[in-house]
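Asks: Input: one structure, supplied below.
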Amino acid sequence: MGVAPAQLFPEFIAETLGLPGVAGQVVGALIAAAVVGNIVLAFTGVAGPWAKRKITAAFTDRIAVDRIGPFGLLIIPAAAVQLLAKELIIPEGVDRPTWDIAPILLPASALLGFAVIPMGHLGPVNLQLADPEVGLALVFAFASIASVSLVMAGYASNNKYSMLGGLRAVAQNLAYEIPLIVTAMSVVIFAGTLQMSGIVEAQQDVLFTIAGFDIPTWYALVNPFAFVLFLTANMAEIGRNPFDIPEAPTEIVGGYQTEYSSAYFVLFYLGEFVHIFLGGAILAVTFLGGASGPGPESIGFLWFVVKIWGFFLFTQWARAAFPRVRIDQLIEIGWKGMLVLSFANLVLTAVIVGVIV
């Protein structure tokens with residue numbers, strides 16, 4: 001299934017409402033952003049309180065939530081009410097407003113990243129807010145703001161465990177963000193563009209045919225080594241097992257979020273899961289053909305949803321299957337392993353593409 005050029009979601013809304021000029025652009029952008037934001041928040045609302053528990057329970061031979069509503073689904077509003085109803089405790093000596101801004105910044109940075117993600121078609125609607133020529137660089141820039149949030153929370157909490165969590169977050173992000181971006185550059189070499197729609201479009205050619213079924217040129221198939229590198233660095237960037245070092249509960253209580261409660265804790269919890277889905281979205285666009293898949297283009301959004309939820313399932317499997325690495329092991333893997341391999345992959349990709357072209 002190819003990805004044909006189409007008007008962006010804000011343009012579609014402005015045209016549908018018959019609003020011309022700047023007013024139409026502003027209204028269309030606000031409505032489109034609200035729709036996409038609520039879709040992502042709905043995913044995280046299901047993933048955090050319910051899916052995470054059910055999936056982990058399945059992997060560890062337990063039952064998990066099953067008493068509150070059908071299949072335990074009413075745990076979602078119940079958990080929201082429970083957490084938001086708790087008292088917001090502000091410890092003595094915290095650095096405000098830094099302490100207040102940190103939990104807002106974490107989910108906001110991930111939601112900003114979805115502004116340039118091509119989420120495919122849902123009927124006649126193309127679910128993409130913006131498609132700048134430097135879209136891939138922009139989404140990494142937005143996602144990296146999360147590091148600032150974790151450092152702010154750790155520093156402002158006036159707690160040694162929180163400070164350690166913030167420092168670990170910085171060390172982890174420095175060690176793995178460079179390999180992540182360098183590996184993504186190998187995709188740019190293949191596609192010849194940083195534009196997100198262009199990267200998806202470049203993966204629509206047929207790689208080979210098996211029993212009459214066309215296999216697309218998804219970069220996960222073209223360069224599986226880069227895919228594994230990107231997947232590993234991506235897991236470290238979103239802080240999932242075995243790389244959940246900044247909040248390791250058996251070592252530093254809760255890391256950067258130790259002193260947070262009530263709505264502030266909810267924002268941190270929300271931010272973690274929004275970043276998981278953003279990581280899955282970036283992986284889908286760069287290596288799995290974006291919203292492409294068998295069937296008509298009008299169901300592209302459904303394929304996109306399958307891919308990002310597949311990545312979420314993988315993170316939960318990793319959470320149940322892999323033990324946490326030590327902080328020294330984490331840094332060594334990043335600087336001595338991932339960094340060297342990512343640059344080797346970049347050079348090899350450049351040579352191969354140069355020879356083929």
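Residues in the structure tokens are numbered from 1 in each chain, the chains being A, B, ... in the order shown, and ligands are numbered from 1 in the order shown.
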Please, which residues of stretch 123-347 of chain A, numbered as in this document, come out helix (DSSP H, G or I) from DSSP, as a VMD selection string?

Replies: chain A and resid 135 to 156 160 to 191 196 to 201 219 to 222 224 to 237 249 to 252 255 to 257 262 to 287 297 to 321 327 to 347

Asks: With only C-alpha atoms as the counted atoms, please give the residues lying no more than 9 Å from A:Ala108, apart from itself and same-chain residues fewer than 6 positions off, as a PyMOL selection string.

Replies: chain A and resi 142+145-146+271

Asks: Would you write out those residues with C-alpha atoms, as a PDB file, in the first residue's frame?

Replies:
```
ATOM      1  CA  PHE A 142      11.191  17.484  20.987  1.00  0.00           C
ATOM      2  CA  ILE A 145      13.362  17.823  26.132  1.00  0.00           C
ATOM      3  CA  ALA A 146      12.354  14.953  28.422  1.00  0.00           C
ATOM      4  CA  GLY A 271       4.735  11.271  30.326  1.00  0.00           C
TER       5      GLY A 271
END
```

Asks: For A:Phe322, which residue out of A:Phe213, A:Val305, A:Met235, A:Pro242 is the nearest one, using only C-alpha atoms?

Replies: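 Among the listed residues, the smallest separation from A:Phe322 belongs to A:Pro242.
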
Asks: Using only C-alpha atoms, determine which residues lie at most 7 Å from A:Leu122, disregarding the query and same-chain residues fewer than 4 positions distant; provide the list as a PDB file with C-alpha atoms, in the first residue's frame.

Replies:
```pdb
ATOM      1  CA  ASN A 126      -4.655  12.273   6.678  1.00  0.00           C
ATOM      2  CA  SER A 298      -7.863   4.547   3.954  1.00  0.00           C
ATOM      3  CA  ILE A 299      -7.067   2.088   6.783  1.00  0.00           C
ATOM      4  CA  GLY A 300      -3.469   3.247   7.183  1.00  0.00           C
ATOM      5  CA  PHE A 301      -4.147   4.617  10.654  1.00  0.00           C
TER       6      PHE A 301
END
```

Asks: Write down as a list of chain:residue names the residues belonging to stretch 21-236 of chain A that are assigned strand (DSSP E or B) by DSSP computed on the backbone.

Replies: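 Matching residues, listed in order: A:His121, A:Leu122, A:Val125, A:Asn126, A:Val206, A:Leu207, A:Phe208, A:Thr209, A:Ile210, A:Phe213, A:Asp214, A:Ile215, A:Pro216.
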
Asks: Can you spit out the residues from that selection as a compact mmCIF listing (two decimals), in the first residue's frame, using N, CA, C and O atoms?

Replies:
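And here is the file that came out, part.txt:
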```
# COMPACT_ATOMS: atom_id res chain seq x y z
N HIS A 121 -3.86 7.40 7.12
CA HIS A 121 -5.21 7.83 6.76
C HIS A 121 -6.25 7.08 7.60
O HIS A 121 -6.11 5.89 7.87
N LEU A 122 -7.28 7.79 7.97
CA LEU A 122 -8.47 7.21 8.58
C LEU A 122 -9.63 7.66 7.71
O LEU A 122 -10.15 8.77 7.86
N VAL A 125 -9.24 11.20 5.84
CA VAL A 125 -8.47 12.13 6.66
C VAL A 125 -7.02 11.66 6.77
O VAL A 125 -6.75 10.50 7.11
N ASN A 126 -6.08 12.55 6.51
CA ASN A 126 -4.66 12.27 6.68
C ASN A 126 -4.23 12.81 8.05
O ASN A 126 -4.13 14.02 8.25
N VAL A 206 8.79 -2.41 -3.79
CA VAL A 206 8.79 -3.84 -3.52
C VAL A 206 10.23 -4.33 -3.41
O VAL A 206 11.04 -4.13 -4.32
N LEU A 207 10.54 -4.97 -2.29
CA LEU A 207 11.88 -5.52 -2.08
C LEU A 207 12.03 -6.85 -2.79
O LEU A 207 12.98 -7.06 -3.54
N PHE A 208 11.07 -7.75 -2.58
CA PHE A 208 11.01 -9.01 -3.33
C PHE A 208 9.60 -9.57 -3.16
O PHE A 208 8.79 -9.07 -2.37
N THR A 209 9.29 -10.61 -3.91
CA THR A 209 7.96 -11.21 -3.90
C THR A 209 8.04 -12.67 -3.49
O THR A 209 8.89 -13.41 -3.99
N ILE A 210 7.18 -13.06 -2.54
CA ILE A 210 7.12 -14.44 -2.08
C ILE A 210 5.69 -14.94 -2.26
O ILE A 210 4.75 -14.38 -1.69
N PHE A 213 3.12 -12.51 -2.93
CA PHE A 213 2.94 -11.44 -1.94
C PHE A 213 4.16 -10.54 -1.97
O PHE A 213 5.30 -10.99 -1.80
N ASP A 214 3.94 -9.26 -2.19
CA ASP A 214 5.01 -8.28 -2.29
C ASP A 214 5.54 -7.89 -0.91
O ASP A 214 4.76 -7.47 -0.04
N ILE A 215 6.83 -8.02 -0.72
CA ILE A 215 7.48 -7.60 0.52
C ILE A 215 8.02 -6.19 0.32
O ILE A 215 8.86 -5.97 -0.56
N PRO A 216 7.57 -5.20 1.11
CA PRO A 216 8.02 -3.82 0.89
C PRO A 216 9.45 -3.59 1.38
O PRO A 216 9.99 -4.40 2.14
```

Asks: Find the residues near A:Val306: any atom within 12 Å, counting only C-alpha atoms, skip ones fewer than 5 places away on the same chain, and give them as a list in words.

Replies: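 Within the cut-off, the hits are Phe43, Met119, Gly120, Phe277, Gly280, Ala281, Ala284, Leu288, Gly290, Ala291, Ser292, Gly293, Ile299, Gly300, Phe301, Phe311, Phe312 and Leu313 of chain A.
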
Asks: Write the selection just made, keeping N, CA and C atoms, as a PDB file, in the first residue's frame?

Replies:
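After the write, out03.pdb holds the following:
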```
ATOM      1  N   PHE A  43      -4.665   6.334  24.202  1.00  0.00           N
ATOM      2  CA  PHE A  43      -3.785   5.156  24.191  1.00  0.00           C
ATOM      3  C   PHE A  43      -3.081   4.992  25.535  1.00  0.00           C
ATOM      4  N   MET A 119       0.583   9.699  10.839  1.00  0.00           N
ATOM      5  CA  MET A 119      -0.152   8.604  11.461  1.00  0.00           C
ATOM      6  C   MET A 119      -1.054   7.865  10.482  1.00  0.00           C
ATOM      7  N   GLY A 120      -0.968   8.245   9.203  1.00  0.00           N
ATOM      8  CA  GLY A 120      -1.719   7.532   8.179  1.00  0.00           C
ATOM      9  C   GLY A 120      -3.105   8.082   7.969  1.00  0.00           C
ATOM     10  N   PHE A 277       4.885   5.495  23.423  1.00  0.00           N
ATOM     11  CA  PHE A 277       4.165   5.508  22.149  1.00  0.00           C
ATOM     12  C   PHE A 277       4.869   6.385  21.117  1.00  0.00           C
ATOM     13  N   GLY A 280       7.589   4.258  19.783  1.00  0.00           N
ATOM     14  CA  GLY A 280       7.028   3.309  18.835  1.00  0.00           C
ATOM     15  C   GLY A 280       6.675   3.957  17.517  1.00  0.00           C
ATOM     16  N   ALA A 281       6.183   5.206  17.565  1.00  0.00           N
ATOM     17  CA  ALA A 281       5.829   5.927  16.346  1.00  0.00           C
ATOM     18  C   ALA A 281       7.070   6.231  15.508  1.00  0.00           C
ATOM     19  N   ALA A 284       8.226   3.034  13.943  1.00  0.00           N
ATOM     20  CA  ALA A 284       7.349   2.648  12.838  1.00  0.00           C
ATOM     21  C   ALA A 284       7.643   3.457  11.584  1.00  0.00           C
ATOM     22  N   LEU A 288       9.574   0.665   9.819  1.00  0.00           N
ATOM     23  CA  LEU A 288       8.459  -0.249   9.556  1.00  0.00           C
ATOM     24  C   LEU A 288       7.435   0.318   8.584  1.00  0.00           C
ATOM     25  N   GLY A 290       5.950   3.196   8.376  1.00  0.00           N
ATOM     26  CA  GLY A 290       4.931   4.124   8.859  1.00  0.00           C
ATOM     27  C   GLY A 290       3.572   3.473   8.944  1.00  0.00           C
ATOM     28  N   ALA A 291       2.586   4.113   8.328  1.00  0.00           N
ATOM     29  CA  ALA A 291       1.207   3.620   8.380  1.00  0.00           C
ATOM     30  C   ALA A 291       0.876   2.700   7.220  1.00  0.00           C
ATOM     31  N   SER A 292       1.875   2.242   6.478  1.00  0.00           N
ATOM     32  CA  SER A 292       1.604   1.382   5.321  1.00  0.00           C
ATOM     33  C   SER A 292       1.399  -0.060   5.757  1.00  0.00           C
ATOM     34  N   GLY A 293       0.653  -0.792   4.942  1.00  0.00           N
ATOM     35  CA  GLY A 293       0.364  -2.189   5.205  1.00  0.00           C
ATOM     36  C   GLY A 293      -0.597  -2.710   4.165  1.00  0.00           C
ATOM     37  N   ILE A 299      -7.175   2.733   5.464  1.00  0.00           N
ATOM     38  CA  ILE A 299      -7.067   2.088   6.783  1.00  0.00           C
ATOM     39  C   ILE A 299      -5.640   2.194   7.328  1.00  0.00           C
ATOM     40  N   GLY A 300      -4.859   3.111   6.763  1.00  0.00           N
ATOM     41  CA  GLY A 300      -3.469   3.247   7.183  1.00  0.00           C
ATOM     42  C   GLY A 300      -3.322   3.521   8.665  1.00  0.00           C
ATOM     43  N   PHE A 301      -4.234   4.302   9.235  1.00  0.00           N
ATOM     44  CA  PHE A 301      -4.147   4.617  10.654  1.00  0.00           C
ATOM     45  C   PHE A 301      -4.241   3.362  11.508  1.00  0.00           C
ATOM     46  N   PHE A 311       4.945  -2.246  19.549  1.00  0.00           N
ATOM     47  CA  PHE A 311       6.144  -1.793  20.263  1.00  0.00           C
ATOM     48  C   PHE A 311       5.873  -1.726  21.756  1.00  0.00           C
ATOM     49  N   PHE A 312       4.686  -1.262  22.152  1.00  0.00           N
ATOM     50  CA  PHE A 312       4.339  -1.233  23.572  1.00  0.00           C
ATOM     51  C   PHE A 312       4.350  -2.639  24.159  1.00  0.00           C
ATOM     52  N   LEU A 313       3.816  -3.602  23.416  1.00  0.00           N
ATOM     53  CA  LEU A 313       3.828  -4.995  23.881  1.00  0.00           C
ATOM     54  C   LEU A 313       5.262  -5.482  24.058  1.00  0.00           C
TER      55      LEU A 313
END
```

Asks: For stretch 91-107 of chain A, find every residue with an atom within 12 Å (counting only C-alpha atoms), except residues of its own chain fewer than 5 positions away, and show them as a short mmCIF file (atom, residue, chain, number, x, y, z; two decimals) with N, CA and C atoms, in the first residue's frame.

Replies:
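Output (result.cif):
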```cif
data_model
loop_
_atom_site.label_atom_id
_atom_site.label_comp_id
_atom_site.auth_asym_id
_atom_site.auth_seq_id
_atom_site.Cartn_x
_atom_site.Cartn_y
_atom_site.Cartn_z
N GLY A 37 -3.85 14.81 19.94
CA GLY A 37 -3.46 14.73 21.34
C GLY A 37 -4.36 13.82 22.14
N VAL A 40 -3.66 10.11 21.37
CA VAL A 40 -2.46 9.63 22.07
C VAL A 40 -2.75 9.46 23.56
N LEU A 41 -3.46 10.43 24.15
CA LEU A 41 -3.78 10.33 25.58
C LEU A 41 -4.72 9.16 25.86
N THR A 44 -2.55 6.09 26.05
CA THR A 44 -1.81 6.01 27.32
C THR A 44 -2.75 5.72 28.48
N LEU A 112 4.47 17.00 21.77
CA LEU A 112 4.99 17.84 20.70
C LEU A 112 5.59 16.99 19.58
N GLY A 113 6.22 15.88 19.95
CA GLY A 113 6.82 15.01 18.94
C GLY A 113 5.80 14.47 17.96
N PHE A 114 4.57 14.25 18.41
CA PHE A 114 3.53 13.72 17.52
C PHE A 114 3.06 14.74 16.49
N PHE A 142 12.30 17.45 20.04
CA PHE A 142 11.19 17.48 20.99
C PHE A 142 11.35 16.40 22.05
N ALA A 143 11.68 15.18 21.62
CA ALA A 143 11.79 14.06 22.56
C ALA A 143 12.91 14.29 23.57
N SER A 144 13.98 14.96 23.15
CA SER A 144 15.12 15.16 24.05
C SER A 144 14.82 16.13 25.17
N ILE A 145 13.74 16.91 25.06
CA ILE A 145 13.36 17.82 26.13
C ILE A 145 13.04 17.05 27.41
N ALA A 146 12.67 15.78 27.25
CA ALA A 146 12.35 14.95 28.42
C ALA A 146 13.52 14.89 29.40
N SER A 147 14.74 14.89 28.86
CA SER A 147 15.92 14.84 29.73
C SER A 147 15.97 16.05 30.66
N VAL A 148 15.59 17.20 30.12
CA VAL A 148 15.58 18.43 30.92
C VAL A 148 14.57 18.30 32.05
N SER A 149 13.43 17.72 31.75
CA SER A 149 12.39 17.53 32.77
C SER A 149 12.88 16.67 33.92
N LEU A 150 13.56 15.57 33.59
CA LEU A 150 14.03 14.65 34.64
C LEU A 150 15.12 15.29 35.49
N VAL A 151 15.99 16.07 34.85
CA VAL A 151 17.04 16.77 35.61
C VAL A 151 16.42 17.82 36.53
N MET A 152 15.44 18.56 36.01
CA MET A 152 14.77 19.57 36.82
C MET A 152 14.10 18.94 38.03
N ALA A 153 13.41 17.80 37.82
CA ALA A 153 12.73 17.13 38.93
C ALA A 153 13.73 16.64 39.96
N GLY A 154 14.83 16.06 39.52
CA GLY A 154 15.83 15.55 40.44
C GLY A 154 16.50 16.64 41.25
N TYR A 155 16.84 17.74 40.56
CA TYR A 155 17.52 18.84 41.24
C TYR A 155 16.58 19.57 42.20
N ALA A 156 15.35 19.83 41.76
CA ALA A 156 14.44 20.68 42.53
C ALA A 156 13.84 19.99 43.75
N SER A 157 13.92 18.66 43.83
CA SER A 157 13.23 17.92 44.89
C SER A 157 13.91 17.99 46.24
N ASN A 158 15.16 18.42 46.28
CA ASN A 158 15.91 18.50 47.54
C ASN A 158 15.97 17.13 48.21
N ASN A 159 16.24 16.12 47.39
CA ASN A 159 16.28 14.73 47.87
C ASN A 159 17.43 14.03 47.17
N SER A 162 16.35 11.53 44.50
CA SER A 162 15.86 12.23 43.30
C SER A 162 17.02 12.78 42.49
N MET A 163 18.00 13.36 43.19
CA MET A 163 19.17 13.91 42.50
C MET A 163 19.93 12.82 41.76
N GLY A 166 18.04 11.99 38.62
CA GLY A 166 18.25 12.99 37.57
C GLY A 166 19.61 12.86 36.91
N ILE A 238 13.60 5.70 26.30
CA ILE A 238 12.31 5.79 26.99
C ILE A 238 12.38 5.19 28.39
N TYR A 256 13.99 10.34 40.22
CA TYR A 256 13.59 11.74 40.04
C TYR A 256 12.16 12.01 40.48
N GLN A 257 11.29 10.99 40.54
CA GLN A 257 9.89 11.23 40.91
C GLN A 257 9.57 10.84 42.35
N THR A 258 10.59 10.63 43.17
CA THR A 258 10.38 10.18 44.54
C THR A 258 9.48 11.13 45.33
N GLU A 259 9.67 12.43 45.19
CA GLU A 259 8.96 13.41 46.01
C GLU A 259 7.64 13.89 45.40
N TYR A 260 7.19 13.25 44.34
CA TYR A 260 5.98 13.72 43.66
C TYR A 260 4.78 12.84 44.02
N SER A 261 3.62 13.46 44.13
CA SER A 261 2.40 12.75 44.47
C SER A 261 1.23 13.36 43.70
N SER A 262 0.07 12.72 43.85
CA SER A 262 -1.17 13.24 43.28
C SER A 262 -1.05 13.56 41.79
N ALA A 263 -1.54 14.73 41.37
CA ALA A 263 -1.57 15.10 39.96
C ALA A 263 -0.18 15.17 39.35
N TYR A 264 0.81 15.58 40.13
CA TYR A 264 2.17 15.67 39.60
C TYR A 264 2.73 14.28 39.28
N PHE A 265 2.45 13.31 40.15
CA PHE A 265 2.87 11.94 39.86
C PHE A 265 2.16 11.41 38.62
N VAL A 266 0.88 11.74 38.48
CA VAL A 266 0.11 11.32 37.30
C VAL A 266 0.76 11.86 36.02
N LEU A 267 1.21 13.11 36.05
CA LEU A 267 1.85 13.71 34.88
C LEU A 267 3.15 12.98 34.53
N PHE A 268 3.93 12.61 35.53
CA PHE A 268 5.15 11.83 35.26
C PHE A 268 4.80 10.47 34.68
N TYR A 269 3.82 9.82 35.28
CA TYR A 269 3.39 8.50 34.82
C TYR A 269 2.86 8.60 33.39
N LEU A 270 2.07 9.62 33.14
CA LEU A 270 1.54 9.86 31.80
C LEU A 270 2.66 10.11 30.81
N GLY A 271 3.63 10.94 31.21
CA GLY A 271 4.74 11.27 30.33
C GLY A 271 5.53 10.05 29.92
N GLU A 272 5.75 9.13 30.84
CA GLU A 272 6.49 7.91 30.53
C GLU A 272 5.80 7.12 29.42
N PHE A 273 4.48 6.99 29.50
CA PHE A 273 3.77 6.18 28.52
C PHE A 273 3.60 6.92 27.20
N VAL A 274 3.45 8.23 27.23
CA VAL A 274 3.40 8.98 25.97
C VAL A 274 4.73 8.83 25.24
N HIS A 275 5.83 8.84 25.98
CA HIS A 275 7.14 8.66 25.36
C HIS A 275 7.30 7.25 24.80
N ILE A 276 6.70 6.26 25.43
CA ILE A 276 6.75 4.90 24.87
C ILE A 276 6.06 4.89 23.51
N PHE A 277 4.89 5.50 23.42
CA PHE A 277 4.16 5.51 22.15
C PHE A 277 4.87 6.38 21.12
N LEU A 278 5.51 7.48 21.56
CA LEU A 278 6.29 8.28 20.62
C LEU A 278 7.48 7.47 20.10
#
```

Asks: Nearest to A:Phe190 among A:Ala211, A:Val228, A:Ala47, A:Val351, with distances taken over only C-alpha atoms: which residue is it?

Replies: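 The answer is A:Val351, which sits nearest to A:Phe190.
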
Asks: Counting only C-alpha atoms, which of A:Leu74, A:Asp244, A:Ala130, A:Ile89 gets nearest to A:Ala29?

Replies: A:Ala130

Asks: List the spatial neighbours of stretch 172-176 of chain A as a PyMOL selection string - criterion: any atom at most 6 Å away, only C-alpha atoms, same-chain residues fewer than 6 positions off excluded.

Replies: chain A and resi 233+334-335

Asks: Could you write out that same residue set with all heavy atoms as a PDB file, in the first residue's frame?

Replies:
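Wrote result_19.pdb, looks like this:
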```pdb
ATOM      1  N   ALA A 233      18.596   1.289  21.461  1.00  0.00           N
ATOM      2  CA  ALA A 233      18.798   2.665  21.918  1.00  0.00           C
ATOM      3  C   ALA A 233      17.470   3.326  22.259  1.00  0.00           C
ATOM      4  O   ALA A 233      17.380   4.125  23.204  1.00  0.00           O
ATOM      5  CB  ALA A 233      19.526   3.464  20.837  1.00  0.00           C
ATOM      6  N   GLY A 334      26.491   1.692  26.324  1.00  0.00           N
ATOM      7  CA  GLY A 334      26.206   2.834  25.466  1.00  0.00           C
ATOM      8  C   GLY A 334      27.433   3.384  24.770  1.00  0.00           C
ATOM      9  O   GLY A 334      27.465   3.521  23.541  1.00  0.00           O
ATOM     10  N   TRP A 335      28.482   3.693  25.554  1.00  0.00           N
ATOM     11  CA  TRP A 335      29.656   4.372  24.990  1.00  0.00           C
ATOM     12  C   TRP A 335      30.601   3.419  24.265  1.00  0.00           C
ATOM     13  O   TRP A 335      31.179   3.777  23.234  1.00  0.00           O
ATOM     14  CB  TRP A 335      30.408   5.114  26.092  1.00  0.00           C
ATOM     15  CG  TRP A 335      29.717   6.342  26.576  1.00  0.00           C
ATOM     16  CD1 TRP A 335      29.153   6.534  27.802  1.00  0.00           C
ATOM     17  CD2 TRP A 335      29.487   7.548  25.855  1.00  0.00           C
ATOM     18  NE1 TRP A 335      28.585   7.777  27.886  1.00  0.00           N
ATOM     19  CE2 TRP A 335      28.781   8.433  26.696  1.00  0.00           C
ATOM     20  CE3 TRP A 335      29.795   7.979  24.560  1.00  0.00           C
ATOM     21  CZ2 TRP A 335      28.385   9.707  26.315  1.00  0.00           C
ATOM     22  CZ3 TRP A 335      29.409   9.253  24.170  1.00  0.00           C
ATOM     23  CH2 TRP A 335      28.713  10.102  25.038  1.00  0.00           C
TER      24      TRP A 335
END
```

Asks: Write out as a list in words which residues come within 10 Å of A:Gly24 when counting only C-alpha atoms, dropping same-chain ones fewer than 4 positions away.

Replies: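 Residues near the query, excluding close chain neighbours: Pro10, Glu11, Ile13, Ala14, Glu15, Thr16, Leu17, Gly18, Leu19, Pro20, Gly28, Ala29 and Leu30 of chain A.
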
Asks: Could you tell me which of A:Val26, A:Leu127, A:Ala51, A:Ala42 comes closest to A:Val65 if we count only C-alpha atoms?

Replies: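 For A:Val65, the nearest of the candidates is A:Ala51.
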
Asks: Taking into account only C-alpha atoms, which residue in the set A:Gly21, A:Gly310, A:Pro323, A:Gly255 is nearest to A:Ala169?

Replies: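 Nearest to A:Ala169: A:Gly255.
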